[in-house]
file input.txt (compact mmCIF, C-alpha atoms and all ligand atoms)
# COMPACT_ATOMS: atom_id res chain seq x y z
CA MET K 1 -17.24 11.05 15.21
CA ARG K 2 -15.00 10.10 12.27
CA ALA K 3 -11.42 8.89 11.76
CA LYS K 4 -8.81 11.65 11.52
CA ILE K 5 -5.16 11.01 10.65
CA ILE K 6 -3.06 12.88 13.24
CA GLY K 7 0.41 11.46 12.53
CA THR K 8 2.34 9.56 9.88
CA GLY K 9 5.62 7.67 9.62
CA SER K 10 7.47 5.43 7.20
CA CYS K 11 10.47 3.16 6.84
CA LEU K 12 12.37 2.17 3.72
CA PRO K 13 15.23 -0.34 3.77
CA GLU K 14 18.66 1.25 3.36
CA LYS K 15 19.61 -0.79 0.31
CA ILE K 16 18.66 0.88 -2.97
CA VAL K 17 18.54 -1.31 -6.06
CA THR K 18 18.56 0.67 -9.30
CA ASN K 19 17.32 -0.50 -12.69
CA GLU K 20 20.97 -0.61 -13.79
CA THR K 21 21.77 -3.02 -10.94
CA LEU K 22 18.90 -5.28 -12.05
CA SER K 23 20.10 -5.10 -15.67
CA ALA K 24 23.40 -6.60 -14.52
CA ILE K 25 21.72 -9.74 -13.12
CA MET K 26 18.81 -10.29 -15.55
CA ASP K 27 17.73 -9.58 -19.11
CA THR K 28 16.16 -6.14 -18.60
CA SER K 29 17.07 -2.48 -19.00
CA ASP K 30 16.55 0.86 -17.33
CA GLN K 31 14.86 2.03 -20.52
CA TRP K 32 12.30 -0.84 -20.50
CA ILE K 33 11.44 -0.52 -16.81
CA ARG K 34 11.28 3.27 -16.82
CA SER K 35 9.17 3.57 -19.99
CA ARG K 36 6.68 0.85 -18.90
CA THR K 37 6.37 1.82 -15.22
CA GLY K 38 8.18 5.04 -14.26
CA ILE K 39 10.27 3.06 -11.74
CA ARG K 40 13.94 4.09 -11.44
CA GLU K 41 14.90 2.28 -8.24
CA ARG K 42 13.44 0.47 -5.24
CA HIS K 43 14.48 -0.29 -1.64
CA LEU K 44 14.97 -3.94 -0.69
CA VAL K 45 15.76 -5.57 2.66
CA SER K 46 19.37 -6.69 2.83
CA SER K 47 19.90 -8.35 6.21
CA GLU K 48 18.29 -10.95 8.48
CA THR K 49 17.30 -8.24 10.94
CA GLU K 50 15.45 -6.09 8.38
CA THR K 51 12.01 -7.69 8.45
CA THR K 52 8.35 -6.92 8.00
CA LEU K 53 8.20 -6.42 11.78
CA SER K 54 11.27 -4.18 12.05
CA MET K 55 10.03 -1.86 9.28
CA ALA K 56 6.49 -1.79 10.72
CA VAL K 57 7.79 -0.85 14.18
CA GLN K 58 10.05 1.91 12.84
CA ALA K 59 7.22 3.44 10.80
CA ALA K 60 4.87 3.13 13.79
CA ARG K 61 7.31 4.86 16.18
CA GLU K 62 7.65 7.77 13.75
CA ALA K 63 3.88 8.07 13.37
CA LEU K 64 3.31 7.97 17.15
CA SER K 65 5.95 10.64 17.67
CA ASP K 66 4.44 12.82 14.92
CA ALA K 67 0.99 12.42 16.52
CA ASP K 68 2.37 12.96 20.05
CA ILE K 69 0.60 9.80 21.20
CA LEU K 70 2.03 7.20 23.60
CA PRO K 71 1.74 3.50 22.66
CA GLN K 72 -0.30 2.95 25.86
CA GLN K 73 -2.96 5.33 24.52
CA LEU K 74 -3.68 3.10 21.51
CA ASP K 75 -6.80 0.97 21.69
CA LEU K 76 -6.43 -0.62 18.25
CA ILE K 77 -3.55 -1.70 15.98
CA ILE K 78 -4.20 -3.01 12.46
CA VAL K 79 -1.40 -4.16 10.17
CA ALA K 80 -2.13 -4.57 6.46
CA THR K 81 0.31 -7.00 4.86
CA VAL K 82 0.64 -10.07 2.65
CA SER K 83 4.25 -10.67 3.67
CA SER K 84 4.16 -11.10 7.43
CA ASP K 85 7.16 -12.79 9.07
CA TYR K 86 4.81 -15.34 10.65
CA ILE K 87 1.63 -17.16 9.61
CA THR K 88 0.66 -16.73 13.24
CA PRO K 89 0.77 -14.65 15.40
CA ALA K 90 -0.47 -11.59 13.53
CA ALA K 91 2.15 -8.96 12.72
CA ALA K 92 -0.05 -6.48 14.63
CA CYS K 93 0.43 -8.49 17.87
CA LEU K 94 4.21 -8.41 17.40
CA VAL K 95 4.09 -4.65 16.76
CA GLN K 96 1.99 -4.27 19.91
CA LYS K 97 4.63 -6.16 21.93
CA GLU K 98 7.53 -4.11 20.53
CA LEU K 99 5.75 -0.82 21.21
CA GLY K 100 4.35 -1.83 24.61
CA ALA K 101 0.87 -0.86 23.43
CA CYS K 102 -0.69 -2.90 26.24
CA HIS K 103 -4.27 -1.57 25.87
CA ALA K 104 -4.67 -2.21 22.13
CA ALA K 105 -6.54 -4.97 20.33
CA ALA K 106 -4.37 -6.06 17.41
CA PHE K 107 -5.01 -7.93 14.18
CA ASP K 108 -3.91 -8.09 10.53
CA ILE K 109 -5.77 -7.43 7.29
CA ASN K 110 -4.93 -9.16 4.01
CA ALA K 111 -6.32 -7.07 1.17
CA ALA K 112 -3.03 -6.84 -0.78
CA CYS K 113 -2.28 -3.37 -2.15
CA SER K 114 -5.70 -2.10 -0.96
CA GLY K 115 -4.85 -3.20 2.60
CA PHE K 116 -4.05 0.22 4.06
CA LEU K 117 -7.38 1.58 2.80
CA PHE K 118 -9.27 -1.43 4.19
CA ALA K 119 -7.54 -0.77 7.55
CA LEU K 120 -8.42 2.93 7.44
CA ASN K 121 -12.05 2.16 6.60
CA THR K 122 -12.19 -0.43 9.39
CA VAL K 123 -10.89 2.07 11.94
CA ASP K 124 -13.41 4.65 10.73
CA ALA K 125 -16.23 2.12 11.21
CA TYR K 126 -15.05 1.30 14.76
CA ILE K 127 -14.87 5.02 15.54
CA GLN K 128 -18.33 5.71 14.12
CA ALA K 129 -19.66 2.84 16.26
CA GLY K 130 -18.01 4.37 19.35
CA ILE K 131 -15.92 1.23 20.00
CA TYR K 132 -12.38 2.63 19.67
CA GLN K 133 -10.96 6.17 19.74
CA THR K 134 -7.21 5.94 19.03
CA ALA K 135 -5.71 3.59 16.46
CA LEU K 136 -2.47 2.81 14.68
CA ILE K 137 -2.60 1.40 11.16
CA ILE K 138 0.41 0.16 9.26
CA GLY K 139 0.86 -0.95 5.65
CA VAL K 140 4.04 -3.01 5.39
CA GLU K 141 5.55 -5.43 2.89
CA THR K 142 8.72 -7.42 2.33
CA LEU K 143 7.55 -8.44 -1.11
CA SER K 144 11.10 -9.25 -2.23
CA LYS K 145 10.83 -12.60 -0.41
CA ILE K 146 7.80 -13.75 -2.43
CA LEU K 147 9.02 -12.50 -5.81
CA ASP K 148 10.27 -14.90 -8.46
CA TRP K 149 13.66 -13.34 -9.22
CA SER K 150 13.82 -15.31 -12.47
CA ASP K 151 10.59 -13.66 -13.72
CA ARG K 152 11.66 -10.26 -15.07
CA SER K 153 8.06 -9.24 -15.80
CA THR K 154 7.19 -9.08 -12.06
CA CYS K 155 10.36 -8.81 -9.98
CA VAL K 156 11.39 -5.41 -11.38
CA LEU K 157 8.10 -3.84 -10.28
CA PHE K 158 8.11 -4.23 -6.51
CA GLY K 159 9.91 -2.85 -3.45
CA ASP K 160 9.96 -3.30 0.34
CA GLY K 161 8.87 -0.77 2.96
CA ALA K 162 6.36 0.35 5.58
CA GLY K 163 4.07 3.31 6.17
CA ALA K 164 2.01 4.06 9.27
CA ALA K 165 -0.70 6.45 10.44
CA VAL K 166 -2.10 7.29 13.86
CA ILE K 167 -5.81 7.93 13.82
CA LYS K 168 -8.03 9.61 16.38
CA ALA K 169 -11.78 10.07 16.68
CA ALA K 170 -12.61 13.66 15.70
CA GLU K 171 -15.51 15.85 14.57
CA GLU K 172 -13.90 16.18 11.13
CA GLY K 173 -11.66 13.78 9.22
CA MET K 174 -12.99 11.01 7.01
CA ILE K 175 -15.65 12.38 4.66
CA ALA K 176 -16.55 9.27 2.68
CA SER K 177 -15.08 5.90 1.85
CA LEU K 178 -15.68 2.76 -0.17
CA GLN K 179 -14.15 -0.65 -0.59
CA GLY K 180 -14.89 -3.72 -2.66
CA SER K 181 -13.69 -7.10 -3.82
CA ASP K 182 -14.11 -9.44 -6.79
CA GLY K 183 -12.83 -12.95 -6.17
CA ASN K 184 -13.53 -13.80 -9.83
CA GLY K 185 -10.28 -11.99 -10.57
CA SER K 186 -8.29 -13.92 -7.96
CA ASP K 187 -6.09 -15.64 -10.54
CA VAL K 188 -4.55 -12.53 -12.14
CA LEU K 189 -2.36 -11.70 -9.14
CA VAL K 190 -1.67 -14.62 -6.87
CA CYS K 191 0.84 -16.23 -4.50
CA ARG K 192 -0.07 -19.65 -3.08
CA ASN K 193 0.66 -20.52 0.56
CA ARG K 194 1.86 -23.94 1.75
CA THR K 195 -0.07 -26.82 0.23
CA ASN K 196 -1.77 -29.58 2.24
CA ASN K 197 0.79 -31.44 4.28
CA ASN K 198 0.07 -34.19 6.77
CA PRO K 199 0.99 -37.87 7.20
CA TRP K 200 -1.79 -38.91 4.79
CA ILE K 201 -0.96 -36.60 1.88
CA SER K 202 2.24 -36.72 -0.08
CA THR K 203 3.11 -33.51 -1.85
CA ASP K 204 6.34 -32.31 -3.36
CA LYS K 205 5.17 -28.76 -3.96
CA SER K 206 7.29 -26.01 -2.45
CA PRO K 207 5.75 -22.58 -1.69
CA ASP K 208 4.95 -20.53 -4.78
CA TYR K 209 6.14 -17.08 -5.80
CA LEU K 210 4.06 -14.13 -6.90
CA TYR K 211 2.44 -14.54 -10.32
CA MET K 212 0.86 -11.61 -12.16
CA ASN K 213 -0.97 -11.14 -15.44
CA GLY K 214 0.29 -7.58 -15.89
CA GLN K 215 -1.99 -6.51 -18.72
CA GLU K 216 -5.16 -7.69 -16.97
CA VAL K 217 -4.13 -5.90 -13.78
CA PHE K 218 -3.33 -2.74 -15.75
CA LYS K 219 -6.80 -2.63 -17.39
CA PHE K 220 -8.55 -3.39 -14.10
CA ALA K 221 -6.56 -0.72 -12.23
CA VAL K 222 -7.29 2.15 -14.63
CA LYS K 223 -11.01 1.30 -14.91
CA LYS K 224 -11.67 0.53 -11.24
CA GLU K 225 -9.65 3.35 -9.68
CA THR K 226 -11.21 5.97 -11.98
CA GLU K 227 -14.65 4.57 -11.12
CA CYS K 228 -13.88 4.58 -7.35
CA ILE K 229 -12.76 8.21 -7.45
CA GLN K 230 -15.87 9.29 -9.36
CA ILE K 231 -18.24 7.37 -7.06
CA LEU K 232 -16.59 8.70 -3.92
CA LEU K 233 -16.70 12.34 -5.08
CA GLU K 234 -20.34 11.92 -6.04
CA LYS K 235 -21.09 10.37 -2.63
CA ALA K 236 -19.47 13.38 -0.94
CA GLY K 237 -21.06 15.92 -3.31
CA MET K 238 -17.62 17.29 -4.22
CA GLU K 239 -15.95 18.26 -7.49
CA PRO K 240 -12.51 16.79 -8.42
CA GLU K 241 -11.06 20.33 -8.39
CA GLU K 242 -11.82 20.59 -4.65
CA VAL K 243 -9.38 17.76 -3.90
CA THR K 244 -5.92 19.03 -2.94
CA TYR K 245 -4.14 15.75 -3.74
CA PHE K 246 -5.09 12.35 -5.13
CA LEU K 247 -2.82 9.82 -3.41
CA LEU K 248 -3.11 6.71 -5.55
CA HIS K 249 -1.55 3.30 -5.07
CA GLN K 250 1.97 3.56 -6.50
CA ALA K 251 2.04 0.60 -8.87
CA ASN K 252 2.89 2.21 -12.16
CA TYR K 253 3.25 5.83 -13.32
CA ARG K 254 1.32 5.02 -16.53
CA ILE K 255 -1.70 3.85 -14.51
CA ILE K 256 -1.66 7.05 -12.45
CA SER K 257 -1.31 9.34 -15.46
CA SER K 258 -4.08 7.49 -17.36
CA ILE K 259 -6.42 8.07 -14.40
CA ALA K 260 -5.45 11.77 -14.21
CA ARG K 261 -6.16 12.12 -17.95
CA LYS K 262 -9.52 10.34 -17.66
CA LEU K 263 -10.52 12.70 -14.85
CA LYS K 264 -9.19 15.67 -16.89
CA LEU K 265 -6.99 16.77 -13.98
CA PRO K 266 -3.39 18.09 -14.01
CA PRO K 267 -0.61 15.63 -12.99
CA GLU K 268 0.43 18.02 -10.17
CA LYS K 269 -2.64 16.84 -8.24
CA PHE K 270 -1.23 13.28 -8.31
CA PRO K 271 2.01 13.16 -6.33
CA THR K 272 4.06 10.00 -6.95
CA ASN K 273 6.99 8.17 -5.42
CA VAL K 274 6.89 5.05 -7.61
CA ASP K 275 10.11 6.27 -9.27
CA HIS K 276 12.18 5.63 -6.11
CA CYS K 277 10.03 3.09 -4.19
CA GLY K 278 8.56 0.82 -6.86
CA ASN K 279 5.32 -0.88 -5.88
CA THR K 280 5.37 -1.48 -2.11
CA SER K 281 1.82 -2.91 -2.08
CA ALA K 282 0.00 -2.15 1.21
CA ALA K 283 2.79 0.26 2.19
CA SER K 284 2.62 2.45 -0.91
CA ILE K 285 -0.15 4.88 0.03
CA PRO K 286 1.00 5.52 3.64
CA ILE K 287 4.64 5.97 2.51
CA LEU K 288 3.48 8.55 -0.06
CA LEU K 289 1.29 10.29 2.53
CA ASP K 290 4.24 10.46 4.94
CA GLU K 291 6.55 11.89 2.25
CA ILE K 292 4.05 14.62 1.47
CA ARG K 293 3.52 15.44 5.13
CA LYS K 294 7.30 15.66 5.66
CA ASP K 295 7.72 17.87 2.56
CA ARG K 296 5.22 20.24 4.28
CA LYS K 297 2.87 20.06 1.34
CA LEU K 298 -0.23 19.65 3.54
CA SER K 299 -2.20 22.32 5.42
CA PRO K 300 -5.12 21.85 7.83
CA GLY K 301 -8.34 21.60 5.84
CA ASP K 302 -6.71 20.15 2.71
CA ILE K 303 -8.82 17.46 1.02
CA LEU K 304 -7.09 14.17 0.21
CA LEU K 305 -8.45 11.34 -1.89
CA LEU K 306 -6.66 8.03 -1.27
CA SER K 307 -7.35 5.20 -3.67
CA GLY K 308 -5.87 1.78 -4.37
CA PHE K 309 -6.35 -1.62 -5.95
CA GLY K 310 -4.73 -4.99 -5.61
CA ALA K 311 -4.86 -8.76 -5.55
CA GLY K 312 -8.14 -10.34 -4.61
CA LEU K 313 -9.12 -8.46 -6.60
CA THR K 314 -9.71 -5.66 -4.11
CA TRP K 315 -10.15 -1.91 -4.27
CA GLY K 316 -10.68 0.86 -1.78
CA ALA K 317 -10.83 4.64 -1.52
CA ALA K 318 -11.13 7.27 1.17
CA LEU K 319 -11.87 10.99 0.99
CA LEU K 320 -10.68 12.91 4.01
CA ARG K 321 -9.99 16.32 5.42
CA TRP K 322 -6.41 16.82 6.70
N1 LIG K 401 12.60 -6.12 -19.13
C1 LIG K 401 12.62 -6.23 -20.47
N2 LIG K 401 11.63 -6.81 -21.15
C2 LIG K 401 10.59 -7.30 -20.45
C3 LIG K 401 10.54 -7.23 -19.06
C4 LIG K 401 11.59 -6.60 -18.39
N3 LIG K 401 11.63 -6.46 -17.04
N4 LIG K 401 9.38 -7.79 -18.64
C5 LIG K 401 8.74 -8.22 -19.74
N5 LIG K 401 9.47 -7.93 -20.83
C6 LIG K 401 9.15 -8.19 -22.22
C7 LIG K 401 8.19 -9.34 -22.40
O1 LIG K 401 8.86 -10.57 -22.40
C8 LIG K 401 7.57 -9.02 -23.73
O2 LIG K 401 8.46 -9.44 -24.75
P1 LIG K 401 7.90 -10.09 -26.10
O3 LIG K 401 7.07 -9.01 -26.74
O4 LIG K 401 9.14 -10.43 -26.83
O5 LIG K 401 7.10 -11.28 -25.68
C9 LIG K 401 7.55 -7.49 -23.76
O6 LIG K 401 8.49 -7.06 -22.78
C10 LIG K 401 6.20 -6.90 -23.50
O7 LIG K 401 5.68 -7.52 -22.35
P2 LIG K 401 4.26 -7.14 -21.82
O8 LIG K 401 3.93 -7.98 -20.63
O9 LIG K 401 3.30 -7.09 -22.95
O10 LIG K 401 4.54 -5.65 -21.34
P3 LIG K 401 3.52 -4.54 -20.94
O11 LIG K 401 3.66 -3.39 -21.83
O12 LIG K 401 2.14 -5.07 -20.66
O13 LIG K 401 4.11 -4.10 -19.52
C11 LIG K 401 3.79 -4.35 -17.16
C12 LIG K 401 4.20 -5.01 -18.48
C13 LIG K 401 3.87 -5.39 -16.06
C14 LIG K 401 4.77 -3.22 -16.85
C15 LIG K 401 2.36 -3.77 -17.30
O14 LIG K 401 1.50 -4.76 -17.81
C16 LIG K 401 1.84 -3.29 -15.99
O15 LIG K 401 2.34 -2.33 -15.44
N6 LIG K 401 0.76 -3.91 -15.46
C17 LIG K 401 0.18 -3.55 -14.19
C18 LIG K 401 0.95 -4.19 -13.10
C19 LIG K 401 0.55 -3.67 -11.74
O16 LIG K 401 0.18 -2.56 -11.58
N7 LIG K 401 0.69 -4.51 -10.74
C20 LIG K 401 0.45 -4.15 -9.41
C21 LIG K 401 -0.78 -4.73 -8.87
S1 LIG K 401 -1.09 -4.12 -7.28
call {"tool": "encode", "arguments": {"input": "input.txt", "output": "structure tokens"}}
result
Amino acid sequence: MRAKIIGTGSCLPEKIVTNETLSAIMDTSDQWIRSRTGIRERHLVSSETETTLSMAVQAAREALSDADILPQQLDLIIVATVSSDYITPAAACLVQKELGACHAAAFDINAACSGFLFALNTVDAYIQAGIYQTALIIGVETLSKILDWSDRSTCVLFGDGAGAAVIKAAEEGMIASLQGSDGNGSDVLVCRNRTNNNPWISTDKSPDYLYMNGQEVFKFAVKKETECIQILLEKAGMEPEEVTYFLLHQANYRIISSIARKLKLPPEKFPTNVDHCGNTSAASIPILLDEIRKDRKLSPGDILLLSGFGAGLTWGAALLRW
């Protein structure tokens, strides 16, 4: 048996922040952001009650309803996030409580923007091993709280949001997958946690904000994602033309179009939402998947190739039949 996605959901904060709004509070412009990234606007949390948990739960409820699955039927919940409301407990345990998913094991995955794919691959492995049959996976981020709002080169790129998928064991679904990591690149995209703090250490360091070497990440993304797609198709014995849609991590329109060009494929095969969501990290692929499902662009049997990259460095990809 393999993992099959049977329902999707998403949640974006109500507040929309356009490039023009950012231009009013920092030295940037719509022209710069749009030409470098394709981003026009992003959604950001705007109240104390809009949290990583609240967005995750809303996306999860939508996905469960779409799948026609009750929370009590879930035997696994995985949340992929780097911006949980708590260091402990795991966001997945809090989602479990909110949903009343009393039979599910629940834990989080930290693989940055590749997190949703790591979660999907983990569920597929559990299903192949016969351990679990029905799972909920969520990619969710409130990245706005770890951004340095005085660093225009990073803060304009990201957005908040959540995307979820319900997965069931089925004869057909996942065709092939891969994931990988390279800790040697850990310093190009990084956000430090609390530093050592006990009665015997004096430290005056406050928590850090997200730092990114944009050009290094750009080069890595184009090379690694193109490579992942080629390896995965080869593994499955499929041609790129057989794929209905390539759903890539929504970091930057220029990265996506460079990959499409390298693969000699038309841009129509690469749907995007980076223009109105920005980079929502672990949430980006499931939000895009949910948008496409809601726009009725998917039919049973369609082939989807999901692929992403992120801090770690990490990368992941999954080829599946809808
Ligand atoms: N508005 C206006 N100017 C800005 C700016 C902003 N928001 N951010 C940076 N600049 C300026 C820089 O200060 C620099 O000015 P200078 O030439 O006077 O020094 C200039 O624009 C060029 O900066 P640079 O960093 O070279 O731009 P770039 O063309 O590499 O684009 C990124 C920057 C971040 C858009 C690009 O590198 C990128 O998209 N990288 C990948 C990021 C990514 O995908 N991250 C997600 C990981 S999951």
call {"tool": "residues_near_ligand", "arguments": {"input": "input.txt", "ligand": "ligand LIG 401 (chain K)", "cutoff": "8 Å", "atoms": "only C-alpha atoms and all ligand atoms", "output": "ChimeraX atom specification"}}
result
/K:27-29,32-33,36-37,112-113,151-157,189,212-219,221,249,251-252,254-255,279,281,309-311
call {"tool": "atom_distance", "arguments": {"input": "input.txt", "atom1": "atom CA of K:Val222", "atom2": "atom CA of K:Ala283"}}
result
19.7 Å
call {"tool": "closest_residue", "arguments": {"input": "input.txt", "among": "K:Asp160, K:Asp148, K:Asp290, K:Asp108", "to": "K:Glu14", "atoms": "all atoms listed in the file"}}
result
K:Asp160
call {"tool": "closest_residue", "arguments": {"input": "input.txt", "among": "K:Thr314, K:Ile87, K:Leu288, K:Lys294", "to": "K:Asn193", "atoms": "all atoms listed in the file"}}
result
K:Ile87
call {"tool": "closest_residue", "arguments": {"input": "input.txt", "among": "K:Ser307, K:Ser144, K:Asn197, K:Ser65", "to": "K:Gln179", "atoms": "only C-alpha atoms"}}
result
K:Ser307
call {"tool": "closest_residue", "arguments": {"input": "input.txt", "among": "K:Lys97, K:Lys223, K:Arg296, K:Lys235", "to": "K:Ala260", "atoms": "only C-alpha atoms"}}
result
K:Lys223
call {"tool": "closest_residue", "arguments": {"input": "input.txt", "among": "K:Ile131, K:Val57, K:Ile146, K:Ile77", "to": "K:Ile167", "atoms": "all atoms listed in the file"}}
result
K:Ile77
call {"tool": "residues_around", "arguments": {"input": "input.txt", "residues": "stretch 239-247 of chain K", "least_positions_apart": "3", "cutoff": "7 Å", "atoms": "only C-alpha atoms", "output": "ChimeraX atom specification"}}
result
/K:233,269-271,285,302-307
call {"tool": "closest_atom_pairs", "arguments": {"input": "input.txt", "of": "stretch 84-125 of chain K", "to": "stretch 132-138 of chain K", "cutoff": "8 Å", "atoms": "all atoms listed in the file", "output": "tab-separated table"}}
result
residue	atom	partner	partner_atom	distance
K:Phe116	CA	K:Ile138	CA	6.9
K:Ala119	CA	K:Ile137	CA	6.5
K:Leu120	CA	K:Ile137	CA	7.1
K:Val123	CA	K:Ala135	CA	7.0
call {"tool": "write_last_selection", "arguments": {"input": "input.txt", "atoms": "C-alpha atoms", "output": "compact mmCIF listing (two decimals), in the coordinates of the input"}}
result
# COMPACT_ATOMS: atom_id res chain seq x y z
CA PHE K 116 -4.05 0.22 4.06
CA ALA K 119 -7.54 -0.77 7.55
CA LEU K 120 -8.42 2.93 7.44
CA VAL K 123 -10.89 2.07 11.94
call {"tool": "residues_near_point", "arguments": {"input": "input.txt", "point": "(-14.1, 17.4, 17.8)", "cutoff": "12 Å", "atoms": "only C-alpha atoms", "output": "ChimeraX atom specification"}}
result
/K:1-4,133,168-173
call {"tool": "atom_distance", "arguments": {"input": "input.txt", "atom1": "atom CA of K:Ala282", "atom2": "atom CA of K:Gly237"}}
result
28.1 Å
call {"tool": "residues_around", "arguments": {"input": "input.txt", "residues": "K:Leu53", "least_positions_apart": "5", "cutoff": "9 Å", "atoms": "only C-alpha atoms", "output": "CSV table (one decimal) with C-alpha atoms, keeping the file's coordinate frame"}}
result
chain,number,residue,atom,x,y,z
K,58,GLN,CA,10.0,1.9,12.8
K,84,SER,CA,4.2,-11.1,7.4
K,85,ASP,CA,7.2,-12.8,9.1
K,91,ALA,CA,2.2,-9.0,12.7
K,92,ALA,CA,0.0,-6.5,14.6
K,94,LEU,CA,4.2,-8.4,17.4
K,95,VAL,CA,4.1,-4.6,16.8
K,140,VAL,CA,4.0,-3.0,5.4
call {"tool": "residues_near_point", "arguments": {"input": "input.txt", "point": "(4.7, 9.3, -18.2)", "cutoff": "8 Å", "atoms": "all atoms listed in the file", "output": "PyMOL selection string"}}
result
chain K and resi 35+38+253-254+257
call {"tool": "closest_residue", "arguments": {"input": "input.txt", "among": "K:Gly308, K:Thr81, K:Lys15, K:Cys277", "to": "K:Ser47", "atoms": "only C-alpha atoms"}}
result
K:Lys15
call {"tool": "residues_around", "arguments": {"input": "input.txt", "residues": "stretch 99-104 of chain K", "least_positions_apart": "4", "cutoff": "6 Å", "atoms": "all atoms listed in the file", "output": "MDAnalysis selection string"}}
result
chainID K and resid 71:72 74:76
call {"tool": "axis_aligned_box", "arguments": {"input": "input.txt", "around": "stretch 274-292 of chain K", "padding_each_side": "6 Å", "output": "AutoDock Vina command-line options"}}
result
--center_x 6.0 --center_y 5.9 --center_z -2.2 --size_x 24.3 --size_y 29.5 --size_z 26.2
